[in-house]
Amino acid sequence: MKDWKDKIKVLLNVLPACLVVVVVGVSLKDYDQPVYEVKAAKSIERFVQTEKEVPDNSINFDDVEIELPPTKASSSKSSKATKTIKHSKEAKGYKNGTYYGVGNGFAGEIKVKVLVKKNKIKEIKIVESNDGSSYISSASSLLKKIIKTQSTNVDTVSGATYSSVGLIEAVRDALKDAGLSKKSNKKKEKKSNSKTDKNEKTTNESDNKNVNEKETVIPEGKVPYKDGVYYGTGEGYKGDITVAVTISNQTIKEIVVTNSSDDEAFFSKAKTLLNTILSKQSTDVDTVSGATFSSRGLIEAVNEALLQAKKATENVDDTPEKNEENNPDTTEEIRETQIKYKDGTYTTAVLCNPDDDNDFLPYTLSVTLTIKNNFVESISDIYQVECEDGEDNSWYIDRAVNGTKKNPGILSQIVQKNDADKIDAVSGATCSSNAIISALKELLKNAKTDAENQEGL
Amino acid sequence: MKRIYTCFLILVLLLCGGCSYGKTQNENASSSCDIFAMDTYMTLTAYGKNSDRALEEAENRINELDKKLSTGSPDSEIALLNKNGSGKLSDDTLYLLDKSLEISKETNGAFLPTIYPLMEAWGFPTKDFKVPDDSVIENCFSLFDTDLINENKKEGTVSFKKQGMKLDFGGIAKGYTSNEVIEIFKKSGIENAIINLGGNVQTLGKKPDGSLWRVAIQSPNEGDEYLGILEISDKAVITSGGYERYFEENGVTYHHIIDPKTGYPADNELVSVTIVCDDGLLADGLSTALFVMGLDEAIQFWQNHSEMFDVILMTKDNEIYVSDGISDLFSTTYEMNVIER
């Protein structure tokens, strides 16, 4: 990390000199530039961008080398001076689909749309460009060549060099992640960059002929939603998982798990999934073989956040179908009609019996109930007292008490409804739920009796 | 189309609440269910009008098998057999015994159902990990001989000819269970389903929209992306790696896949083995066996059995070897080599 920063410092020292050269280059733009300038400009771009990108991601990318393709559009003006374009090593085929890419033309970005059918480049369209139309129209003749040769290693059109280079860059940008994997060796390059040879590798990068094949960790522009931070919740094994998804420039920039009861092992595995979502810009995987961890809750949470983003984009209001039970009006109503309980703390133990499936051995469950101002204030200290086989049922107990995303837990239900008869069992923890409910019935009965006795006196 | 599917998925996820059964269902219904059994997390998803009922049945079957096959719970059939040296086994357990002996023979002992005493010596079942003394390992070797298992098929009883022998079907129990779940789905008229039993994936048919299931393969490199994505229908996809269960002692990492020949965790070029096969049980057993074999032997084994299964191997150098039969269905960003028949 330190070496990396040092490198930037060194480069920053070189930067003013480079800019001078570049400015000269621009003013003498009819002359061919020496190639080393382009390389220097590119590598600065690379570092500037890398530096910018890193703090944006709260997911720890320390072990992942962030590489941005030099073809990517950038704010650096120096790239405008690029007039020559190097040959790029290319995949022999592409995955079917429509891809968008950006390159730098003479007067700004050129955006293209590339259609791949039957693993071949079928069609290329210029979506956006500020370059003069005559330049664009003469440069666009190279697009036919690209389709014909199925390669972006084509000559620029003389008299429209900048637009040509911009177009080639844009097509390469569009196809950078579309290469068929069989022929690709980009990951190997990435993998072989162990921490020790990373610096060496980085220094040599500007000389690397395969620069165009390098991967971006976060590709751009696949999520057509409004910028913002969106939240979603999914149901994990140990409770709800909440994620915050940051969308910027039509890209999922960051996914943070904001709330989860799961342990460290969960997070380390979740990181794998989140990195994949970031790199693929989608949750389009059905399941994971070899992972003893459920990705479903996490995928569900991210999908919900993306749905929120979609809604925000379409200006559709949140459907109020959820949380009806949390409606304060109905809660008040129920509360008013309640019978009165005597204040105090009540504890009991009940037996939790398995249902017909006999999935577990019966165990004893302790429940404590606190009544304040005639209402159930809380239930607490719910734990397994003993069990014949010593099995730990705390997962079920926790699920029953705290509930899941779709099924409110007994704790929230009893506080709201103030009546054990109106509580629904939490699915997936039915037996524990029923045991706790029967304990509450008993405790509330005691509390009620006490109140009546008191009134009687 | 993809976006439509995602929306559909979201809708489905919003509609199905965990393991809640008994709703009236139409043709397009789907149900999902998460359960914790066999010491791992399981997720079942089935599509179709009978999916609720099918899932409920599947969950019961999983719990039933868990009870029979768990070496950990003291009153399971298998635990009693191991404790007493003889016992009566149910049809399920006898079937697993036969199958595991078959796989053991075919893989030349790379998969071994009698390895349990050694697993105990390493502390894997109890999670009280320790590196056993050589003398202890030597002693375990003498308990491996599968010919010392006496099976009376008529009576359904099994006994060991040597004291201290123990059986464990942990290496194929999840695979057998996923076969059974898929059978239940088929009988219930379910045509599309995907299940994941602690990393063991099995699919039935295709997705309801007619596309192939996309099964990612976990990368052994922590925090990395997946090692690849396989598009598949009607197959089990089962991955073994040393990265899920392991412990560290004096700076050395010991994983849970023990090579029966050395008595130590398998240490070869391979870091991950995925078997793709119609039969979940076979896939489960072979994933362990090929992991123990190492790269060359595993490739050779596949070449001799290429009609039975397909394989995805990953080496320590991050190279991937994929067998001919599925190379077109597998995509990865790693260097990929196709194993020819």
# chains A, B, ... in the order shown; residues from 1 in each chain; ligands from 1
>>> select_by_dssp(residues="segment 67-268 of chain B", states="strand (DSSP E or B)", output="count of residues only")
48
>>> closest_residue(among="B:Val131, B:Arg341, B:Glu180, B:Leu81", to="Glu64 of chain B", atoms="only C-alpha atoms")
B:Glu180
>>> residues_around(residues="Ser289 of chain A", least_positions_apart="2", cutoff="8 Å", atoms="only C-alpha atoms", output="list in words")
Thr287 and Ala291 of chain A; Asn196, Gly199, Asn200, Val201, Val215, Ala216, Ile217, Gln218, Val237, Ile238 and Thr239 of chain B
>>> select_by_dssp(residues="segment 155-225 of chain B", states="alpha helix (DSSP H)", output="NGL selection string")
:B and (170-187)
>>> atom_distance(atom1="atom CA of Glu304 of chain A", atom2="atom CA of Ile247 of chain A")
13.6 Å
>>> atom_distance(atom1="atom CA of Leu278 of chain A", atom2="atom CA of Glu244 of chain B")
23.3 Å
>>> residues_around(residues="Ala400 of chain A", least_positions_apart="2", cutoff="8 Å", atoms="only C-alpha atoms", output="list in words")
Tyr396, Ile397, Asp398, Asn402, Gly403, Gly409, Ile410, Ala425, Val426, Ala429, Thr430, Ser432 and Ser433 of chain A
>>> atom_distance(atom1="atom CA of Val367 of chain A", atom2="atom CA of Leu411 of chain A")
11.3 Å
>>> residues_around(residues="Leu143 of chain A", least_positions_apart="3", cutoff="12 Å", atoms="only C-alpha atoms", output="ChimeraX atom specification")
/A:112-114,121-126,136-140,146-157,163-172
>>> closest_residue(among="B:His256, B:Lys316, B:Lys166, B:Lys105", to="chain A", atoms="only C-alpha atoms")
B:Lys316
